[in-house]
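Chemist: Pasting in a structure now, in structure tokens, and then I'll have a few things to ask.
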There are 2 protein chains.
Amino acid sequence: MRKEIGITAKKSEDFSEWYTQAVTKAELADYAAVKGFMVLMPYGCAIWERMRSFMDEELKKLKHQNAYFPALIPESFLKKEATHFSGFTPEVFWVTHTGDNELPEKLAVRPTSETIIYDSYSRWVQSWRDLPLLINVWNSVLRAEITSTKPFIRSSEFLWQEGHTVHESKEDADREVFTILELYRRLTEELLAIPVLRGYKSDQEKFVGALYTTTLEAMMPDGKALQMGTSHNLGQNFSRVFEIKYLGRDGQQHYAWNASWGVSWRLIGALVMIHGDDKGIILPPRIAPVQVIIVPIFYSDDDKERVTVKIKELVEKLKQERIRYEIDERTEYTPGWKFNQWEMKGVPLRVELGPKDVQNRVITLSRRDAGKRQTVKDDEAIPHIKRVLDEIQEHLFTRAKSFLDEHITPANSYEEFRSLLEEKKGFVKAPWCANQECEAGIKQETGATIRVLPFTDEQISGKCIYCDQEAKKMAYFAQAY
Amino acid sequence: MRKEIGITAKKSEDFSEWYTQAVTKAELADYAAVKGFMVLMPYGCAIWERMRSFMDEELKKLKHQNAYFPALIPESFLKKEATHFSGFTPEVFWVTHTGDNELPEKLAVRPTSETIIYDSYSRWVQSWRDLPLLINVWNSVLRAEITSTKPFIRSSEFLWQEGHTVHESKEDADREVFTILELYRRLTEELLAIPVLRGYKSDQEKFVGALYTTTLEAMMPDGKALQMGTSHNLGQNFSRVFEIKYLGRDGQQHYAWNASWGVSWRLIGALVMIHGDDKGIILPPRIAPVQVIIVPIFYSDDDKERVTVKIKELVEKLKQERIRYEIDERTEYTPGWKFNQWEMKGVPLRVELGPKDVQNRVITLSRRDAGKRQTVKDDEAIPHIKRVLDEIQEHLFTRAKSFLDEHITPANSYEEFRSLLEEKKGFVKAPWCANQECEAGIKQETGATIRVLPFTDEQISGKCIYCDQEAKKMAYFAQAY
């Protein structure tokens, strides 16, 4: 692949340029020749596959099944749910021809699959005994992005999973929405070490066609929020237009209730932004494709043999413990060059092994997150490596959690609100009258939107930050990606 | 889901109707509302995922990595390799607009990814140290099918994997082509119990833009061949037009060599066709999502308790042995109804467990392939189940192998050739002068194409079956899907 040199931008000085370099130089992703699109490179794909395996296994435990639905959706399907259609139409890629022939009806390259899936469900669901119907799909969706491409965060195509479920009642759909939200929380907090705020979206910000949307929001180092995943109760909006009816336990026909939910490769972007530093990305051990990189160091053939034997011993033990490792045996690069490259690629732990280490029966470890170098006795190596990997996972989470906590600031006046959003940024917590006009006014004047309305109503202190009328909710505002 | 009744068509009488019913009533796939497209249902998806896991694991052992490339390909990319373009253009779905805006250049929904991938490779490959570059992609491709849809076999979109590799030399690319072909053989013969013929495609039938194509061909019960997978050496055709050059060990710039290869969900169609019977599909145990279906039988609460305890014991042992099982505890259906349904879904082995079995310390087993019912002592249950699963796997393969062998017939004259293709069908083996005009003539007059040219040149006996000139190859002709 391309031979890398270090990242030339500083994270604290030019965050946007730093991000692009961190992503491309770690070889997570590359720009595609098609405007707005990106290529998921093997290293990025290995991270995505780890997320996917975790989710897939957990979803199957929760009795979900995978399926696959067509990539092309007739315009008439999208039109059936009017708000859904108006929400997605401007960014749809339209197929109008096959070969030289014009199609009788244009087809959308799927921007999301509710409509095509619910069309099938209308035939599959007949009785309460068919419910709940719990289906998940791993695919890609396309939405034309007018603004500039930012790998993982903003691109015209992204990989994701979309879950589409059918239930007997609103309560059952609610339960599904929150079960999945909790799974997403585990994915982001426990695997990716990214702390999140959870809550409802405002009606303005919810999924087009949903009854309500729940969300997980993380805070990026530049003070902008990033939506990490959403889980929607769609009510009976889609089942009414797609005629998803079932014979109830009461012998009557009922419209079913739907939930839908998704997370995408955007989470990889969040990983990079939150944990990375000027040297490159930093991967939490639980998601890292390579947890330990082993760099042999030798200058003579004699040394080489001894070092190789020692590495073989170590590797046997790592295998037994299912620790993911790689040995960098390339001869064309110096150890120093290799150190830099693996740091850029965010491998959490580095083992250096040279003739002196062999002689002293030790190995030398370097933590990617703390940069600390440590010498450990041979026979303590494995327990030590396991402990340090756990520590790195925890440290990355704790560090991100502190940052998040420090970036939730209450505002007592609109003046303070505006200056917070301009200077400190992050989440600004403020009372809100629940009026869409105030929300729109704030957005226009500050660029901030309501990211989260907490589930448990906090005590509402004060009047609406914008109109000074009675407040009905506490809202977390932020500028966002 | 939909409540099924049995298959109403006989496999031997109306193969096409039988196939459609077998696929849809087993709930492998459903027709989509979009013409030409199908939905992969959860049960079919579980089969696909098992194939995918096998392939993915083996490919990773062979040092391949996964990646993901854009779904949309600019027309100019497809045009770069002229024969490739002319081969695919008639069946391309073209995106011409995003929202209301016409695109400056139309984009193809990927019919295959050579061009978009090689564009990236031209930037990624610089030195011989970057080679081999071994990348695989799991995605879907779209090719407009004018003829009527046949789930898994003929549809406008299909799931597959496409491998795209870059090598230093023709020999390295050759090796890759054959390594993958052998992996495909293991997939089809060892997992799916489908025997295949392997060989080259003729120039007429090879992949558009390839130096040569290797193929695996299976024989369906109606005497038509089905292409199971292909592995191509693309020579330097694409590297020349996409400028994939590398600095060689000799210090000179060279064009790289490419291979590409793919298998699709069409293999599921072959599974159904080859192994199924009038009761439905039959799944070889190694690919079956459910290997053992357990049907409890009881008429009183007392019975229920005893049966349930016994099933729990059995299930613990099945788990230990990683045998995939399911228990059908539905109360709304009779055991007989359940037997029929699971037979339709092709589960290889059924366990019935009633109060008498509990009393006699036995379980009753039924083989899906042979229909035999057998009573086995409790303490022999697990070894017996394991043995029978192996036997079923082998039996299905052997049966299919006999059928294949019986359907390879040599032809000594063109008259015999034609009558074989009209009556007995199957593969007809005949000498061929290697002239495309004879191949075309045969196709026009009989509908048969050259499916395979064997790797090891068999003794060429006689003159070209069509023109009576000197024969240069032995060719296997057949009508095909």
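Ordering of the structure tokens sets the chain letters (A, B, ...), residue numbers begin anew at 1 in every chain, and ligands are numbered from 1 in the order given.
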Taking only C-alpha atoms into account, report as a ChimeraX atom specification which residues of chain A lie within 8 Å of chain B.
Modeler: /A:1-2,32-34,37-42,44-46,65-74,89-100,116,119-120,123-126,130,135,139,144,157
Chemist: Could those selected residues go to a file with N, CA and C atoms, as a short mmCIF file (atom, residue, chain, number, x, y, z; two decimals), in the first residue's frame?
Modeler:
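Result written to selection.cif:
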```cif
data_model
loop_
_atom_site.label_atom_id
_atom_site.label_comp_id
_atom_site.auth_asym_id
_atom_site.auth_seq_id
_atom_site.Cartn_x
_atom_site.Cartn_y
_atom_site.Cartn_z
N MET A 1 0.85 -1.19 0.00
CA MET A 1 0.00 0.00 0.00
C MET A 1 0.89 1.25 0.00
N ARG A 2 0.29 2.40 0.21
CA ARG A 2 1.06 3.62 0.18
C ARG A 2 2.00 3.69 1.38
N ALA A 32 -12.84 7.82 -2.76
CA ALA A 32 -13.11 7.11 -4.01
C ALA A 32 -13.07 8.11 -5.15
N ALA A 33 -12.93 7.58 -6.36
CA ALA A 33 -12.90 8.48 -7.51
C ALA A 33 -14.28 9.10 -7.77
N VAL A 34 -15.33 8.49 -7.23
CA VAL A 34 -16.68 9.04 -7.41
C VAL A 34 -16.92 10.07 -6.32
N PHE A 37 -18.10 9.67 -2.40
CA PHE A 37 -18.00 8.28 -1.94
C PHE A 37 -16.63 7.99 -1.35
N MET A 38 -16.57 6.98 -0.48
CA MET A 38 -15.29 6.56 0.08
C MET A 38 -15.12 5.05 -0.06
N VAL A 39 -13.89 4.61 0.08
CA VAL A 39 -13.57 3.19 0.07
C VAL A 39 -13.23 2.78 1.50
N LEU A 40 -13.84 1.71 1.96
CA LEU A 40 -13.50 1.15 3.26
C LEU A 40 -12.32 0.21 3.04
N MET A 41 -11.16 0.60 3.55
CA MET A 41 -9.95 -0.21 3.32
C MET A 41 -9.90 -1.40 4.29
N PRO A 42 -9.04 -2.38 4.01
CA PRO A 42 -9.04 -3.60 4.83
C PRO A 42 -8.94 -3.36 6.34
N GLY A 44 -9.87 -0.68 8.09
CA GLY A 44 -11.15 -0.13 8.53
C GLY A 44 -12.24 -1.20 8.51
N CYS A 45 -12.17 -2.06 7.49
CA CYS A 45 -13.16 -3.11 7.35
C CYS A 45 -13.04 -4.11 8.50
N ALA A 46 -11.83 -4.38 8.95
CA ALA A 46 -11.63 -5.31 10.07
C ALA A 46 -12.29 -4.75 11.34
N GLN A 65 -33.41 -12.13 13.34
CA GLN A 65 -32.89 -12.87 12.20
C GLN A 65 -32.47 -11.89 11.13
N ASN A 66 -31.48 -12.28 10.34
CA ASN A 66 -31.07 -11.44 9.22
C ASN A 66 -31.83 -11.80 7.95
N ALA A 67 -31.96 -10.82 7.08
CA ALA A 67 -32.56 -11.05 5.76
C ALA A 67 -31.93 -10.04 4.81
N TYR A 68 -32.31 -10.11 3.54
CA TYR A 68 -31.81 -9.10 2.59
C TYR A 68 -32.94 -8.68 1.65
N PHE A 69 -33.08 -7.37 1.48
CA PHE A 69 -34.14 -6.81 0.63
C PHE A 69 -33.51 -6.01 -0.52
N PRO A 70 -34.27 -5.85 -1.63
CA PRO A 70 -33.71 -5.21 -2.82
C PRO A 70 -33.09 -3.83 -2.58
N ALA A 71 -32.07 -3.54 -3.38
CA ALA A 71 -31.37 -2.25 -3.30
C ALA A 71 -32.17 -1.14 -3.95
N LEU A 72 -33.11 -1.51 -4.82
CA LEU A 72 -33.88 -0.48 -5.55
C LEU A 72 -35.33 -0.47 -5.10
N ILE A 73 -35.83 0.73 -4.88
CA ILE A 73 -37.18 0.91 -4.35
C ILE A 73 -38.00 1.78 -5.30
N PRO A 74 -39.17 1.31 -5.72
CA PRO A 74 -39.98 2.12 -6.64
C PRO A 74 -40.38 3.45 -6.00
N THR A 89 -36.52 12.47 -0.39
CA THR A 89 -36.43 12.70 -1.84
C THR A 89 -35.24 13.54 -2.31
N PRO A 90 -34.94 14.65 -1.64
CA PRO A 90 -33.87 15.50 -2.18
C PRO A 90 -32.53 14.79 -2.28
N GLU A 91 -32.32 13.76 -1.48
CA GLU A 91 -31.00 13.13 -1.49
C GLU A 91 -31.00 11.74 -2.13
N VAL A 92 -32.08 11.41 -2.84
CA VAL A 92 -32.15 10.08 -3.46
C VAL A 92 -31.37 10.02 -4.77
N PHE A 93 -30.63 8.93 -4.96
CA PHE A 93 -30.05 8.60 -6.27
C PHE A 93 -31.11 7.84 -7.06
N TRP A 94 -31.50 8.39 -8.20
CA TRP A 94 -32.58 7.79 -8.99
C TRP A 94 -32.06 6.99 -10.16
N VAL A 95 -32.51 5.75 -10.27
CA VAL A 95 -32.25 4.93 -11.44
C VAL A 95 -33.39 5.17 -12.42
N THR A 96 -33.04 5.57 -13.64
CA THR A 96 -34.08 5.88 -14.63
C THR A 96 -34.01 4.96 -15.85
N HIS A 97 -32.86 4.30 -16.06
CA HIS A 97 -32.68 3.47 -17.25
C HIS A 97 -32.03 2.14 -16.90
N THR A 98 -32.36 1.10 -17.67
CA THR A 98 -31.49 -0.08 -17.71
C THR A 98 -31.01 -0.19 -19.15
N GLY A 99 -29.69 -0.29 -19.31
CA GLY A 99 -29.12 -0.22 -20.64
C GLY A 99 -29.59 1.06 -21.30
N ASP A 100 -30.16 0.95 -22.48
CA ASP A 100 -30.66 2.14 -23.19
C ASP A 100 -32.14 2.38 -22.95
N ILE A 116 -39.77 -0.70 1.30
CA ILE A 116 -39.68 -1.98 0.56
C ILE A 116 -39.85 -3.15 1.52
N ASP A 119 -43.59 -3.50 2.59
CA ASP A 119 -44.37 -4.13 1.52
C ASP A 119 -44.32 -5.65 1.67
N SER A 120 -43.16 -6.21 1.93
CA SER A 120 -43.08 -7.66 2.16
C SER A 120 -43.82 -8.07 3.43
N ARG A 123 -47.41 -9.00 3.45
CA ARG A 123 -47.78 -10.36 3.04
C ARG A 123 -47.36 -11.41 4.07
N TRP A 124 -46.31 -11.14 4.81
CA TRP A 124 -45.79 -12.13 5.75
C TRP A 124 -46.56 -12.17 7.07
N VAL A 125 -47.05 -11.02 7.47
CA VAL A 125 -47.73 -10.96 8.77
C VAL A 125 -49.22 -11.17 8.59
N GLN A 126 -49.75 -12.18 9.29
CA GLN A 126 -51.18 -12.42 9.21
C GLN A 126 -51.83 -12.56 10.56
N ASP A 130 -47.51 -14.63 14.33
CA ASP A 130 -46.35 -14.25 13.51
C ASP A 130 -45.53 -13.15 14.18
N ILE A 135 -36.50 -8.57 12.35
CA ILE A 135 -35.57 -8.76 11.24
C ILE A 135 -34.55 -7.63 11.16
N ASN A 139 -26.52 -3.86 5.15
CA ASN A 139 -26.41 -3.44 3.75
C ASN A 139 -25.76 -2.07 3.68
N ALA A 144 -27.40 11.29 -1.31
CA ALA A 144 -26.49 12.24 -1.94
C ALA A 144 -26.10 13.33 -0.94
N GLU A 157 -22.54 7.19 0.49
CA GLU A 157 -22.93 5.80 0.76
C GLU A 157 -22.32 5.39 2.09
#
```
Chemist: Could you go through range 223-392 of chain A and tell me which residues DSSP, when run on the backbone, assigns to strand (DSSP E), listing them as JSON, numbers by chain?
Modeler: {"A": [225, 226, 227, 228, 229, 230, 231, 232, 233, 234, 235, 245, 246, 247, 253, 254, 255, 257, 258, 259, 260, 261, 262, 263, 264, 292, 293, 294, 295, 296, 325, 326, 327, 349, 350, 351, 352, 353, 362, 363, 364, 365, 366, 367, 373, 374, 375, 376, 377]}
Chemist: Filtering to C-alpha atoms, could you give me those residues as a PDB file, in the first residue's frame?
Modeler:
```
ATOM      1  CA  ALA A 225     -22.069  16.414  18.858  1.00  0.00           C
ATOM      2  CA  LEU A 226     -22.182  13.252  16.788  1.00  0.00           C
ATOM      3  CA  GLN A 227     -25.288  11.082  16.567  1.00  0.00           C
ATOM      4  CA  MET A 228     -24.118   7.505  17.172  1.00  0.00           C
ATOM      5  CA  GLY A 229     -27.295   5.582  16.484  1.00  0.00           C
ATOM      6  CA  THR A 230     -31.058   5.881  16.556  1.00  0.00           C
ATOM      7  CA  SER A 231     -33.949   3.612  17.481  1.00  0.00           C
ATOM      8  CA  HIS A 232     -37.454   4.601  16.397  1.00  0.00           C
ATOM      9  CA  ASN A 233     -40.990   3.684  17.313  1.00  0.00           C
ATOM     10  CA  LEU A 234     -42.802   4.172  13.999  1.00  0.00           C
ATOM     11  CA  GLY A 235     -46.227   3.735  15.555  1.00  0.00           C
ATOM     12  CA  LYS A 245     -52.552  -6.091   9.589  1.00  0.00           C
ATOM     13  CA  TYR A 246     -52.785  -9.056  11.880  1.00  0.00           C
ATOM     14  CA  LEU A 247     -55.538 -11.147  13.369  1.00  0.00           C
ATOM     15  CA  GLN A 253     -57.931  -7.329  12.597  1.00  0.00           C
ATOM     16  CA  HIS A 254     -55.405  -4.771  13.880  1.00  0.00           C
ATOM     17  CA  TYR A 255     -52.763  -2.583  12.339  1.00  0.00           C
ATOM     18  CA  TRP A 257     -46.758  -1.489  15.306  1.00  0.00           C
ATOM     19  CA  ASN A 258     -43.291  -1.000  13.855  1.00  0.00           C
ATOM     20  CA  ALA A 259     -39.895  -0.149  15.213  1.00  0.00           C
ATOM     21  CA  SER A 260     -36.751   0.536  13.204  1.00  0.00           C
ATOM     22  CA  TRP A 261     -33.170   1.195  14.265  1.00  0.00           C
ATOM     23  CA  GLY A 262     -29.687   1.519  12.851  1.00  0.00           C
ATOM     24  CA  VAL A 263     -26.024   2.141  13.460  1.00  0.00           C
ATOM     25  CA  SER A 264     -23.471   2.776  10.747  1.00  0.00           C
ATOM     26  CA  VAL A 292      -0.466  -6.380  20.303  1.00  0.00           C
ATOM     27  CA  ILE A 293       2.132  -5.607  17.670  1.00  0.00           C
ATOM     28  CA  ILE A 294       5.417  -7.418  18.122  1.00  0.00           C
ATOM     29  CA  VAL A 295       8.509  -5.773  16.695  1.00  0.00           C
ATOM     30  CA  PRO A 296      11.642  -7.948  16.692  1.00  0.00           C
ATOM     31  CA  TYR A 325      -1.329 -10.038  17.668  1.00  0.00           C
ATOM     32  CA  GLU A 326       0.815  -9.449  14.630  1.00  0.00           C
ATOM     33  CA  ILE A 327       4.583  -9.717  14.132  1.00  0.00           C
ATOM     34  CA  LEU A 349       0.128  -2.308  22.866  1.00  0.00           C
ATOM     35  CA  ARG A 350       3.593  -2.768  21.368  1.00  0.00           C
ATOM     36  CA  VAL A 351       6.072  -5.461  22.345  1.00  0.00           C
ATOM     37  CA  GLU A 352       9.707  -4.874  21.462  1.00  0.00           C
ATOM     38  CA  LEU A 353      11.979  -7.852  21.633  1.00  0.00           C
ATOM     39  CA  VAL A 362      12.076  -9.823  29.870  1.00  0.00           C
ATOM     40  CA  ILE A 363       9.944  -8.168  27.230  1.00  0.00           C
ATOM     41  CA  THR A 364       9.497  -4.445  26.698  1.00  0.00           C
ATOM     42  CA  LEU A 365       5.973  -3.071  26.421  1.00  0.00           C
ATOM     43  CA  SER A 366       4.732   0.326  25.215  1.00  0.00           C
ATOM     44  CA  ARG A 367       1.198   1.566  25.726  1.00  0.00           C
ATOM     45  CA  ARG A 373       7.457   1.972  28.261  1.00  0.00           C
ATOM     46  CA  GLN A 374       7.781  -0.886  30.695  1.00  0.00           C
ATOM     47  CA  THR A 375       9.923  -3.960  31.144  1.00  0.00           C
ATOM     48  CA  VAL A 376       8.184  -7.098  32.347  1.00  0.00           C
ATOM     49  CA  LYS A 377       9.554 -10.484  33.320  1.00  0.00           C
TER      50      LYS A 377
END
```
Chemist: Which residues of range 269-329 of chain B have any atom within 12 Å of an atom in range 205-219 of chain B when counting only C-alpha atoms, and what is the closest pair of atoms for each, with the distance in Å to one decimal? Order the rows by chain and rising number and write it as CSV.
Modeler:
```
residue,atom,partner,partner_atom,distance
B:Gly269,CA,B:Ala218,CA,11.5
B:Ala270,CA,B:Ala218,CA,8.1
B:Leu271,CA,B:Ala218,CA,10.4
B:Met273,CA,B:Met219,CA,9.6
B:Ile274,CA,B:Met219,CA,8.1
B:His275,CA,B:Met219,CA,11.6
```
Chemist: Next, write the just-selected residues to a file, as a PDB file, in the first residue's frame, keeping C-alpha atoms as the atom set.
Modeler:
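Contents of selection.pdb, as written:
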```pdb
ATOM      1  CA  GLY B 269     -30.726 -22.442  -5.960  1.00  0.00           C
ATOM      2  CA  ALA B 270     -28.483 -25.370  -6.916  1.00  0.00           C
ATOM      3  CA  LEU B 271     -28.917 -26.874  -3.425  1.00  0.00           C
ATOM      4  CA  MET B 273     -32.717 -28.201  -7.335  1.00  0.00           C
ATOM      5  CA  ILE B 274     -30.268 -31.016  -6.770  1.00  0.00           C
ATOM      6  CA  HIS B 275     -31.210 -32.374  -3.360  1.00  0.00           C
TER       7      HIS B 275
END
```
